[in-house]
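Novice: Data file protein_35.cif (mmCIF, C-alpha atoms) is appended below.
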data_run
loop_
_atom_site.group_PDB
_atom_site.id
_atom_site.type_symbol
_atom_site.label_atom_id
_atom_site.label_comp_id
_atom_site.auth_asym_id
_atom_site.auth_seq_id
_atom_site.Cartn_x
_atom_site.Cartn_y
_atom_site.Cartn_z
ATOM 1 C CA MET A 1 8.562 -43.534 -21.031
ATOM 2 C CA PRO A 2 5.170 -41.958 -21.915
ATOM 3 C CA GLY A 3 3.514 -43.967 -19.148
ATOM 4 C CA GLN A 4 5.733 -42.346 -16.560
ATOM 5 C CA PHE A 5 4.384 -38.842 -17.196
ATOM 6 C CA SER A 6 1.195 -37.323 -15.881
ATOM 7 C CA PHE A 7 -0.503 -33.947 -15.851
ATOM 8 C CA TRP A 8 1.279 -32.960 -12.640
ATOM 9 C CA SER A 9 4.674 -33.741 -14.155
ATOM 10 C CA ALA A 10 4.560 -30.333 -15.830
ATOM 11 C CA PHE A 11 4.692 -28.648 -12.403
ATOM 12 C CA THR A 12 7.570 -30.697 -10.970
ATOM 13 C CA ALA A 13 10.975 -31.939 -12.085
ATOM 14 C CA GLN A 14 10.543 -35.531 -10.873
ATOM 15 C CA SER A 15 10.249 -37.049 -14.332
ATOM 16 C CA TYR A 16 13.180 -35.140 -15.816
ATOM 17 C CA PRO A 17 16.700 -35.352 -14.435
ATOM 18 C CA ASP A 18 18.522 -32.003 -14.259
ATOM 19 C CA GLU A 19 15.289 -30.142 -15.065
ATOM 20 C CA PRO A 20 14.262 -27.341 -12.643
ATOM 21 C CA SER A 21 10.684 -27.190 -11.436
ATOM 22 C CA LEU A 22 8.179 -24.715 -12.841
ATOM 23 C CA MET A 23 8.342 -22.629 -9.659
ATOM 24 C CA GLU A 24 12.126 -22.372 -9.933
ATOM 25 C CA GLU A 25 11.936 -21.334 -13.585
ATOM 26 C CA LEU A 26 9.420 -18.615 -12.689
ATOM 27 C CA GLU A 27 11.607 -17.609 -9.711
ATOM 28 C CA VAL A 28 8.709 -18.124 -7.301
ATOM 29 C CA ASN A 29 10.101 -19.155 -3.912
ATOM 30 C CA LEU A 30 7.083 -19.984 -1.747
ATOM 31 C CA PRO A 31 9.032 -20.481 1.524
ATOM 32 C CA HIS A 32 10.737 -17.128 0.949
ATOM 33 C CA ILE A 33 7.392 -15.427 0.264
ATOM 34 C CA TRP A 34 5.995 -16.938 3.454
ATOM 35 C CA SER A 35 9.027 -15.812 5.491
ATOM 36 C CA LYS A 36 8.813 -12.224 4.215
ATOM 37 C CA SER A 37 5.070 -12.107 4.806
ATOM 38 C CA MET A 38 5.402 -13.314 8.393
ATOM 39 C CA THR A 39 8.096 -10.716 9.062
ATOM 40 C CA VAL A 40 5.874 -7.913 7.750
ATOM 41 C CA LEU A 41 2.862 -9.170 9.691
ATOM 42 C CA ASN A 42 4.788 -9.223 12.969
ATOM 43 C CA PRO A 43 4.212 -5.737 14.462
ATOM 44 C CA LEU A 44 6.662 -6.494 17.291
ATOM 45 C CA HIS A 45 9.595 -7.235 14.991
ATOM 46 C CA ARG A 46 12.394 -4.708 15.498
ATOM 47 C CA TYR A 47 14.158 -4.140 12.205
ATOM 48 C CA SER A 48 17.926 -3.793 12.353
ATOM 49 C CA PRO A 49 20.747 -3.842 9.787
ATOM 50 C CA ASN A 50 22.622 -6.139 12.193
ATOM 51 C CA HIS A 51 19.878 -8.753 11.913
ATOM 52 C CA GLN A 52 20.984 -11.287 9.298
ATOM 53 C CA ARG A 53 17.483 -11.810 7.883
ATOM 54 C CA ASP A 54 16.646 -8.096 7.767
ATOM 55 C CA ALA A 55 19.878 -7.126 6.038
ATOM 56 C CA HIS A 56 19.381 -9.735 3.308
ATOM 57 C CA MET A 57 15.589 -9.812 3.138
ATOM 58 C CA MET A 58 15.466 -8.124 -0.249
ATOM 59 C CA ASP A 59 18.486 -9.710 -1.913
ATOM 60 C CA ASP A 60 16.199 -11.128 -4.603
ATOM 61 C CA THR A 61 13.794 -9.197 -6.831
ATOM 62 C CA ASP A 62 10.691 -11.109 -5.834
ATOM 63 C CA LEU A 63 7.563 -9.620 -7.409
ATOM 64 C CA ALA A 64 5.300 -12.686 -7.233
ATOM 65 C CA GLY A 65 4.233 -11.977 -3.653
ATOM 66 C CA PRO A 66 3.640 -8.228 -4.147
ATOM 67 C CA LEU A 67 1.568 -8.781 -7.301
ATOM 68 C CA LEU A 68 -0.473 -11.385 -5.455
ATOM 69 C CA PHE A 69 -1.122 -9.043 -2.515
ATOM 70 C CA CYS A 70 -2.114 -6.166 -4.808
ATOM 71 C CA PHE A 71 -4.554 -8.504 -6.524
ATOM 72 C CA VAL A 72 -5.913 -9.731 -3.175
ATOM 73 C CA PHE A 73 -6.323 -6.110 -2.022
ATOM 74 C CA GLY A 74 -8.309 -5.316 -5.169
ATOM 75 C CA ILE A 75 -10.464 -8.440 -4.836
ATOM 76 C CA LEU A 76 -11.282 -7.641 -1.203
ATOM 77 C CA LEU A 77 -12.324 -4.118 -2.167
ATOM 78 C CA PHE A 78 -14.424 -5.583 -4.976
ATOM 79 C CA LEU A 79 -16.170 -7.864 -2.478
ATOM 80 C CA ALA A 80 -16.914 -4.767 -0.391
ATOM 81 C CA GLY A 81 -18.565 -3.166 -3.421
ATOM 82 C CA LYS A 82 -15.608 -1.026 -4.556
ATOM 83 C CA SER A 83 -14.056 -1.777 -7.943
ATOM 84 C CA HIS A 84 -10.784 0.183 -7.887
ATOM 85 C CA PHE A 85 -8.213 -1.968 -9.690
ATOM 86 C CA GLY A 86 -7.139 0.964 -11.872
ATOM 87 C CA TYR A 87 -6.611 3.238 -8.873
ATOM 88 C CA ILE A 88 -4.655 0.523 -7.035
ATOM 89 C CA TYR A 89 -2.204 -0.168 -9.848
ATOM 90 C CA GLY A 90 -1.918 3.543 -10.689
ATOM 91 C CA VAL A 91 -1.080 4.538 -7.114
ATOM 92 C CA ALA A 92 1.282 1.555 -6.816
ATOM 93 C CA LEU A 93 3.196 2.531 -9.961
ATOM 94 C CA LEU A 94 3.500 6.244 -9.186
ATOM 95 C CA GLY A 95 4.254 5.557 -5.533
ATOM 96 C CA SER A 96 6.970 3.021 -6.369
ATOM 97 C CA LEU A 97 8.672 5.444 -8.758
ATOM 98 C CA SER A 98 8.547 8.265 -6.197
ATOM 99 C CA ILE A 99 9.945 6.114 -3.386
ATOM 100 C CA TYR A 100 12.609 4.743 -5.753
ATOM 101 C CA PHE A 101 13.941 8.213 -6.599
ATOM 102 C CA LEU A 102 13.724 9.320 -2.970
ATOM 103 C CA LEU A 103 15.664 6.337 -1.594
ATOM 104 C CA ASN A 104 18.372 6.614 -4.224
ATOM 105 C CA ALA A 105 18.769 10.284 -3.369
ATOM 106 C CA MET A 106 19.097 9.507 0.342
ATOM 107 C CA SER A 107 21.368 6.436 0.266
ATOM 108 C CA ASP A 108 24.942 5.968 -0.918
ATOM 109 C CA ASP A 109 24.532 2.430 -2.264
ATOM 110 C CA GLY A 110 21.113 2.887 -3.864
ATOM 111 C CA ILE A 111 18.419 0.338 -4.613
ATOM 112 C CA ASP A 112 16.822 -0.858 -7.834
ATOM 113 C CA ALA A 113 13.167 -0.299 -8.717
ATOM 114 C CA TYR A 114 12.263 -4.000 -8.525
ATOM 115 C CA ARG A 115 13.302 -4.252 -4.898
ATOM 116 C CA VAL A 116 11.410 -1.059 -4.064
ATOM 117 C CA MET A 117 8.242 -2.501 -5.599
ATOM 118 C CA SER A 118 8.845 -5.781 -3.778
ATOM 119 C CA VAL A 119 9.081 -4.102 -0.367
ATOM 120 C CA LEU A 120 6.066 -1.855 -0.979
ATOM 121 C CA GLY A 121 4.008 -4.808 -2.186
ATOM 122 C CA TYR A 122 4.795 -7.005 0.807
ATOM 123 C CA CYS A 123 4.030 -4.169 3.211
ATOM 124 C CA LEU A 124 0.589 -3.809 1.640
ATOM 125 C CA LEU A 125 -0.396 -6.914 3.627
ATOM 126 C CA PRO A 126 -1.697 -5.011 6.706
ATOM 127 C CA LEU A 127 -3.964 -2.981 4.415
ATOM 128 C CA CYS A 128 -5.298 -6.261 3.034
ATOM 129 C CA GLY A 129 -6.393 -6.880 6.624
ATOM 130 C CA LEU A 130 -8.134 -3.493 6.607
ATOM 131 C CA ALA A 131 -9.858 -4.418 3.340
ATOM 132 C CA SER A 132 -10.991 -7.682 4.957
ATOM 133 C CA LEU A 133 -12.618 -5.664 7.723
ATOM 134 C CA GLY A 134 -14.346 -3.655 5.004
ATOM 135 C CA VAL A 135 -15.815 -6.855 3.568
ATOM 136 C CA LEU A 136 -17.000 -7.855 7.040
ATOM 137 C CA ALA A 137 -18.503 -4.408 7.618
ATOM 138 C CA LYS A 138 -20.317 -4.646 4.274
ATOM 139 C CA ALA A 139 -21.768 -8.017 5.286
ATOM 140 C CA VAL A 140 -23.067 -6.881 8.683
ATOM 141 C CA GLY A 141 -24.155 -3.458 7.473
ATOM 142 C CA GLY A 142 -21.921 -1.260 9.615
ATOM 143 C CA SER A 143 -18.709 0.471 8.588
ATOM 144 C CA SER A 144 -18.534 3.392 11.010
ATOM 145 C CA PHE A 145 -15.578 1.810 12.839
ATOM 146 C CA LEU A 146 -13.347 1.616 9.748
ATOM 147 C CA PRO A 147 -12.068 5.242 9.859
ATOM 148 C CA LEU A 148 -11.159 4.683 13.524
ATOM 149 C CA VAL A 149 -8.928 1.672 12.902
ATOM 150 C CA THR A 150 -7.486 2.854 9.566
ATOM 151 C CA PRO A 151 -4.559 4.859 11.102
ATOM 152 C CA PHE A 152 -3.358 1.716 12.883
ATOM 153 C CA PHE A 153 -3.093 -0.244 9.622
ATOM 154 C CA ILE A 154 -1.426 2.692 7.848
ATOM 155 C CA PHE A 155 1.160 2.941 10.619
ATOM 156 C CA TRP A 156 1.681 -0.841 10.514
ATOM 157 C CA SER A 157 2.460 -0.831 6.776
ATOM 158 C CA SER A 158 4.660 2.266 7.091
ATOM 159 C CA TYR A 159 6.539 0.843 10.077
ATOM 160 C CA SER A 160 7.321 -2.413 8.280
ATOM 161 C CA SER A 161 8.368 -0.840 4.976
ATOM 162 C CA SER A 162 10.511 1.875 6.579
ATOM 163 C CA GLY A 163 12.181 -0.755 8.772
ATOM 164 C CA ILE A 164 13.076 -2.920 5.769
ATOM 165 C CA PHE A 165 14.401 0.008 3.729
ATOM 166 C CA ALA A 166 16.388 1.334 6.695
ATOM 167 C CA SER A 167 17.925 -2.101 7.312
ATOM 168 C CA VAL A 168 18.833 -2.781 3.693
ATOM 169 C CA LEU A 169 20.167 0.723 2.928
ATOM 170 C CA GLN A 170 21.742 1.430 6.336
ATOM 171 C CA LEU A 171 19.396 4.386 6.942
ATOM 172 C CA ASN A 172 18.404 3.762 10.549
ATOM 173 C CA GLU A 173 19.124 7.363 11.557
ATOM 174 C CA GLN A 174 16.942 8.631 8.690
ATOM 175 C CA ARG A 175 14.117 6.166 9.268
ATOM 176 C CA LEU A 176 11.576 8.858 10.118
ATOM 177 C CA LEU A 177 12.406 10.684 6.888
ATOM 178 C CA VAL A 178 11.923 7.434 4.980
ATOM 179 C CA GLY A 179 8.738 6.603 6.840
ATOM 180 C CA TYR A 180 6.911 9.876 6.149
ATOM 181 C CA PRO A 181 6.493 9.463 2.349
ATOM 182 C CA LEU A 182 5.716 5.790 2.888
ATOM 183 C CA MET A 183 2.917 6.770 5.248
ATOM 184 C CA LEU A 184 1.533 9.126 2.608
ATOM 185 C CA LEU A 185 1.590 6.304 0.047
ATOM 186 C CA TYR A 186 -0.221 3.833 2.267
ATOM 187 C CA THR A 187 -2.676 6.549 3.289
ATOM 188 C CA ALA A 188 -3.619 6.822 -0.389
ATOM 189 C CA PHE A 189 -4.278 3.072 -0.500
ATOM 190 C CA ALA A 190 -6.317 3.308 2.698
ATOM 191 C CA VAL A 191 -8.395 6.196 1.308
ATOM 192 C CA ILE A 192 -9.201 4.073 -1.739
ATOM 193 C CA GLY A 193 -10.096 1.111 0.470
ATOM 194 C CA VAL A 194 -12.185 2.875 3.105
ATOM 195 C CA PHE A 195 -13.784 5.858 1.406
ATOM 196 C CA GLY A 196 -13.877 4.728 -2.215
ATOM 197 C CA GLU A 197 -13.523 6.598 -5.471
ATOM 198 C CA ASP A 198 -15.563 9.609 -4.319
ATOM 199 C CA ALA A 199 -12.825 10.520 -1.868
ATOM 200 C CA VAL A 200 -10.148 10.004 -4.509
ATOM 201 C CA LYS A 201 -11.990 12.289 -6.936
ATOM 202 C CA ALA A 202 -12.435 14.893 -4.192
ATOM 203 C CA VAL A 203 -8.693 14.852 -3.462
ATOM 204 C CA GLY A 204 -7.953 15.202 -7.167
ATOM 205 C CA ALA A 205 -10.378 18.112 -7.488
ATOM 206 C CA ALA A 206 -8.816 19.830 -4.493
ATOM 207 C CA LYS A 207 -5.402 19.665 -6.154
#
Once more with this new file: its structure as structure tokens, please.
Specialist:
Amino acid sequence: MPGQFSFWSAFTAQSYPDEPSLMEELEVNLPHIWSKSMTVLNPLHRYSPNHQRDAHMMDDTDLAGPLLFCFVFGILLFLAGKSHFGYIYGVALLGSLSIYFLLNAMSDDGIDAYRVMSVLGYCLLPLCGLASLGVLAKAVGGSSFLPLVTPFFIFWSSYSSSGIFASVLQLNEQRLLVGYPLMLLYTAFAVIGVFGEDAVKAVGAAK
């Protein structure tokens, strides 16, 4: 028996009958993460509660993907010379709580906080693309174009997240009302990514 085991046996269930894999025990579904990511990254996707995938997209409380994308967003900003991990997680936490209370006030069925964080985290993906452009701009020494393209990425994230929430909570007629606070949230992330902590401090001082 000992000869049948290897280092990689710890990450699979091949050597143990009736034993789930490590990914299953951690509730990390890589195909599901990939499917959600591709849906968010498709700007032409038209979200609808009648679409089987849209209506059940957030049936599970998947936080592995959102945590990964928040970390990637922070790393990309770090590569661009901006270390803002504290701001990222702070804005994410406060934003998730605000959107959670707002959605539960607007919908009859309601939604739990884990699913809210999951949707917001997945829809951070377009802003990871913006952060990648920031790294490229840092490398070539020109970042004057970033403020010009930032509204597009903010709208992309807001469009995807509002579409998912509207589909899951049957709020298609209130989608604009859902999308406005989401746009404010992703604008905060974009301000951190494009303008850095000086802009964040200036906003805080203005308040």
Novice: Work out how far atom CA of Phe69 of chain A is from atom CA of Ile111 of chain A, in Å to one decimal.
Specialist: 21.8 Å
Novice: Please report the interatomic distance between atom CA of Leu125 of chain A and atom CA of Leu103 of chain A in Å with one decimal.
Specialist: 21.5 Å
Novice: Which residue, A:Cys128, A:Leu184, A:Val178, A:Ala64, has the smallest gap to Leu30 of chain A when you use only C-alpha atoms?
Specialist: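 Closest to Leu30 of chain A, using only C-alpha atoms: A:Ala64.
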Novice: I'd like the residues picked by the PyMOL selection byres ((chain A and resi 152) around 12) written out as a ChimeraX atom specification, using the chain letters and numbers from the file.
Specialist: /A:43,126-127,129-130,146-151,153-159,183,186-187,190
Novice: Check which residues satisfy the PyMOL selection byres ((chain A and resi 74) around 12) in the file shown, then give them as a VMD selection string.
Specialist: chain A and resid 67 to 73 75 to 89 92 124 to 125 127 to 128 130 to 132 134 to 135 189 to 190 192 to 193 196
Novice: As AutoDock Vina command-line options, what would the box around segment 89-97 of chain A look like: edges along x, y and z, 6 Å added on every side, centre and edge lengths in Å to one decimal?
Specialist:
--center_x 3.2 --center_y 3.0 --center_z -8.1 --size_x 22.9 --size_y 18.4 --size_z 17.2
